[in-house]
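J.: First the structure, which I've put down as structure tokens, then a few questions once you've had a look.
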Amino acid sequence: MSIEYLKFQNLQKQFAYHRAVKSATGCICEGDYISLFGINGAGKSTLLYLLAGIYKPDKGAIEYGVQGKKNFHALMHLLSHQSMFYARLTAEQNLVFFQGLYGNVDTREILFALELTGLSAHRSKFIDGFSRGMIQRLMIARMILAKPEFVFFDEPFTGLDMSGQRLLLSIIKNRGMENPHWKIKGYIFVDHDIVRAYNFSSSIWYIHKGELQKPYLRSELSIDKLGKMLT
Amino acid sequence: MKKDVGRSWKVFYFLFQKELRLYFLGTSFYLVSAVLSGGLFLLFRFTYPSEKLNQETSISILWAVHLISSLFSLIASAEWEWESNAMRAVKLSGAEGYFVFLSKSIASFFSLTLLWVLEIFVWLVLFGSENSSLLKSPLNQIFTAVVQMLLAGAVASAGISFLGQITSILALHSRFKHVLMFIVFFPVSIPLIIAASAYTRIAVSLKGLDGGFNFISLELAFCFFFLAAGFVLYDVLWEE
């Protein structure tokens with residue numbers, strides 16, 4: 001039986017005078033590989049941040065499964081298009097810091113993650129000198145170190161060059177990695193490349209003007225129909 | 001797999017180590033200390049009419065300089081969070097809010113206390129003539145006065161740190177971050193600075209411990225209040 005990570009009901013979130021999420025109800029279980037679609041400003045990122053626990057909902061409730069909120073935080077990860085690194089620390093210092101928060105620091109793992117993401121030569125450089133793509137690679141390295149069971153992907157390909165995209169695609173496609181061994185048991189994926197997001201999903205969520213619609217299994221919704229919904 | 005997240009002092013250690021690195025390996029702290037504190041002391045020294053300067057006013061100047069440079073030092077450290085969104089990643093790691101508050105406060109306390117020590121030194125050099133009664137005293141009395149000044153500064157720096165971390169997390173999600181830091185921090189810190197400067201006056205007037213207890217108690221009460229407030233409120237204020 002699959003684990004229920006979280007269940008949410010009637011979530012609402014407002015920023016100043018803009019209601020970004022008006023109504024969202026659903027649940028996320030182990031084995032759910034969800035792609036979340038919606039036009040710009042539909043509320044995709046806000047919903048993702050609500051579910052990840054960055055934003056607090058104005059109304060509605062999120063119930064965390066048997067593991068509770070803290071443990072859900074321990075097994076989830078957010079790979080976003082926002083840096084979320086300390087610019088005045090080096091790449092390696094940032095990874096040591098975050099791995100320290102996740103558990104035990106393993107220098108070999110950190111060096112391996114830097115090598116895998118092509119950042120070995122830049123490990124002693126401060127983040128504020130990094131390009132957008134390099135920061136995104138470092139975000140992938142941080143995710144590899146965290147080895148999360150559940151991932152929130154928020155436009156994770158932003159700024160990545162071809163080899164960076166290939167690395168991330170293989171992680172998403174294989175739902176984890178062989179070396180270091182790590183299995184992703186579920187994710188929510190937000191991407192502006194409809195075909196890519198569609199192909200990587202087992203179910204599809206569609207949010208329109210802040211309202212999350214009833215979820216579809218991928219087999220229930222063709223990519224053509226989805227394309228029409230998004231235009 | 002991540003384990004024991006946010007429930008161990010190891011998390012505190014990594015948070016604290018990161019804060020110290022940001023404070024002491026970066027340039028902003030040293031720039032604020034050297035330019036702001038040094039500049040303000042020079043400004044007061046050479047713009048204030050010499051005949052009106054006395055020990056009392058020089059102590060007010062010392063505390064005004066410490067308050068202003070502490071506030072800017074706190075803003076510089078808050079900028080690390082404001083510019084990067086890294087606090088979101090810290091939050092997602094499951095780290096407890098009170099660990100984050102404590103680590104940031106203690107690192108800030110160290111840096112502000114160091115700043116205070118340097119300020120006392122510069123102050124004695126620049127305002128030596130106003131404090132000649134202190135400097136001409138026997139060595140043991142000077143020693144007692146300096147220890148008392150360090151105590152006043154260290155306790156005040158702790159209070160400033162606790163209050164500063166609360167206001168900086170309060171400002172984190174605001175669009176008017178810098179303004180909010182000023183308008184919340186300044187008025188609230190006034191009782192602390194009054195008590196600290198009163199205790200410093202007692203210290204440099206070489207009265208020993210007579211009459212100083214009330215003021216240092218007031219400083220300590222301020223510290224404990226904002227330490228407790230930080231423990232209770234930090235998680236709530238952290239929410240977006």
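Within each chain, counting starts at residue 1; across the structure tokens, chains are named A, B, ... in the order shown, with ligands numbered 1 upward in that order.
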Report as CSV the residues of chain B within 12 Å of chain A, each with its shortest atom pair and distance in Å (one decimal), using only C-alpha atoms, ordered by chain and increasing residue number.
T.:
```
residue,atom,partner,partner_atom,distance
B:Met1,CA,A:Lys147,CA,5.6
B:Lys2,CA,A:Tyr102,CA,4.8
B:Lys3,CA,A:Gly103,CA,5.4
B:Asp4,CA,A:Gly103,CA,6.7
B:Val5,CA,A:Tyr102,CA,5.9
B:Gly6,CA,A:Leu101,CA,7.2
B:Arg7,CA,A:Lys70,CA,9.7
B:Ser8,CA,A:Leu101,CA,9.5
B:Trp9,CA,A:Leu101,CA,10.2
B:Lys10,CA,A:Gly100,CA,7.5
B:Val11,CA,A:Leu101,CA,5.3
B:Phe12,CA,A:Leu101,CA,8.6
B:Tyr13,CA,A:Gly100,CA,8.7
B:Phe14,CA,A:Phe97,CA,5.9
B:Leu15,CA,A:Phe97,CA,7.4
B:Phe16,CA,A:Phe97,CA,10.0
B:Gln17,CA,A:Phe97,CA,8.4
B:Lys18,CA,A:Phe97,CA,6.8
B:Glu19,CA,A:Leu89,CA,10.3
B:Leu20,CA,A:Leu89,CA,11.2
B:Arg21,CA,A:Leu89,CA,7.9
B:Leu22,CA,A:Arg88,CA,6.6
B:Tyr23,CA,A:Arg88,CA,9.8
B:Phe24,CA,A:Arg88,CA,11.0
B:Leu25,CA,A:Arg88,CA,8.6
B:Gly26,CA,A:Arg88,CA,6.8
B:Thr27,CA,A:Arg88,CA,9.6
B:Ser28,CA,A:Arg88,CA,10.3
B:Ala76,CA,A:Arg88,CA,11.8
B:Ser77,CA,A:Arg88,CA,10.7
B:Ala78,CA,A:Tyr86,CA,11.6
B:Glu79,CA,A:Tyr86,CA,10.3
B:Trp80,CA,A:Tyr86,CA,6.6
B:Glu81,CA,A:Tyr86,CA,7.6
B:Trp82,CA,A:Tyr86,CA,10.1
B:Glu83,CA,A:Ala87,CA,8.4
B:Ser84,CA,A:Met84,CA,5.4
B:Asn85,CA,A:Met84,CA,4.7
B:Ala86,CA,A:Met84,CA,3.8
B:Met87,CA,A:Met84,CA,7.2
B:Arg88,CA,A:Ile54,CA,6.5
B:Ala89,CA,A:Met84,CA,5.9
B:Val90,CA,A:Phe98,CA,7.6
B:Lys91,CA,A:Ile54,CA,7.4
B:Leu92,CA,A:His73,CA,5.9
B:Ser93,CA,A:Tyr102,CA,6.2
B:Gly94,CA,A:His73,CA,5.4
B:Ala95,CA,A:Leu101,CA,6.9
B:Glu96,CA,A:Lys70,CA,9.3
B:Phe99,CA,A:Leu101,CA,11.2
B:Val100,CA,A:Leu101,CA,11.0
B:His173,CA,A:Tyr55,CA,10.9
B:Ser174,CA,A:Ala16,CA,11.0
B:Arg175,CA,A:Ala16,CA,10.8
B:Asp235,CA,A:Lys56,CA,11.6
B:Val236,CA,A:Lys56,CA,9.9
B:Leu237,CA,A:Lys56,CA,10.9
B:Trp238,CA,A:Ile54,CA,9.2
B:Glu239,CA,A:Lys56,CA,6.1
B:Glu240,CA,A:Tyr55,CA,4.8
```
J.: Quick one: everything within 12 Å of A:Lys228, counting only C-alpha atoms, minus sequence neighbours fewer than 3 positions away in the same chain. Send it as a short mmCIF file (atom, residue, chain, number, x, y, z; two decimals) with N, CA and C atoms, in the first residue's frame.
T.:
```cif
data_model
loop_
_atom_site.label_atom_id
_atom_site.label_comp_id
_atom_site.auth_asym_id
_atom_site.auth_seq_id
_atom_site.Cartn_x
_atom_site.Cartn_y
_atom_site.Cartn_z
N PHE A 37 0.01 21.86 -14.54
CA PHE A 37 -0.05 22.78 -15.67
C PHE A 37 -0.95 23.97 -15.36
N GLY A 38 -0.70 25.03 -16.09
CA GLY A 38 -1.52 26.23 -15.97
C GLY A 38 -0.83 27.35 -16.71
N ILE A 39 -1.59 28.32 -17.14
CA ILE A 39 -0.97 29.44 -17.85
C ILE A 39 -0.20 30.31 -16.85
N ILE A 194 5.67 21.76 -22.30
CA ILE A 194 4.49 20.91 -22.05
C ILE A 194 4.77 19.44 -22.35
N LEU A 221 -6.10 12.22 -20.59
CA LEU A 221 -5.97 13.55 -21.20
C LEU A 221 -4.86 13.53 -22.25
N SER A 222 -5.25 13.73 -23.51
CA SER A 222 -4.23 13.73 -24.56
C SER A 222 -3.44 15.03 -24.50
N ILE A 223 -2.25 14.99 -25.07
CA ILE A 223 -1.41 16.19 -25.05
C ILE A 223 -2.03 17.30 -25.90
N ASP A 224 -2.79 16.91 -26.94
CA ASP A 224 -3.46 17.92 -27.78
C ASP A 224 -4.51 18.66 -26.96
N LYS A 225 -5.28 17.87 -26.23
CA LYS A 225 -6.34 18.49 -25.41
C LYS A 225 -5.72 19.40 -24.33
N THR A 231 -4.01 27.20 -23.99
CA THR A 231 -3.95 28.36 -24.91
C THR A 231 -5.17 29.26 -24.72
#
```
J.: Just the residues within 10 Å of stretch 111-128 of chain B, please, counting only C-alpha atoms, with nothing from its chain fewer than 5 positions along; format it as a VMD selection string.
T.: chain B and resid 20 23 to 24 29 to 30 32 to 34 37 to 38 41 to 42 44 to 46 53 to 55 58 to 59 61 to 63 65 to 67 69 to 71 73 to 74 105 to 106 133 to 135 146 149 to 158 160 to 161
J.: Give the answer as one residue: which of A:Ser2, A:Gln136, A:Thr25, A:Gln12 has the shortest atom-to-atom distance to A:Lys214, using only C-alpha atoms?
T.: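 Looking at the shortest contact to A:Lys214, the residue is A:Thr25.
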J.: Counting only C-alpha atoms, which of A:Phe112, A:Phe189, A:Phe150, A:Tyr198 gets nearest to A:Leu6?
T.: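 Using only C-alpha atoms, A:Leu6 sits closest to A:Phe150.
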J.: Of the residues B:Glu130, B:Pro49, B:Tyr234, B:Gly39, which is the one nearest to B:Ile169, using only C-alpha atoms?
T.: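 That would be B:Tyr234, the residue with the smallest distance to B:Ile169.
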J.: List every residue of stretch 93-145 of chain A that DSSP, applied to the backbone, labels as helix (DSSP H, G or I), and write the result as number ranges by chain.
T.: A: 93-102, 107-116, 120-122, 127-129, 132-145
J.: Give the strand (DSSP E) residues of stretch 18-204 of chain A, as DSSP finds them on the backbone, and put them as number ranges by chain.
T.: A: 18-21, 26-29, 33-37, 59-64, 76-79, 150-154, 176-177, 182-183, 186-190, 203-204
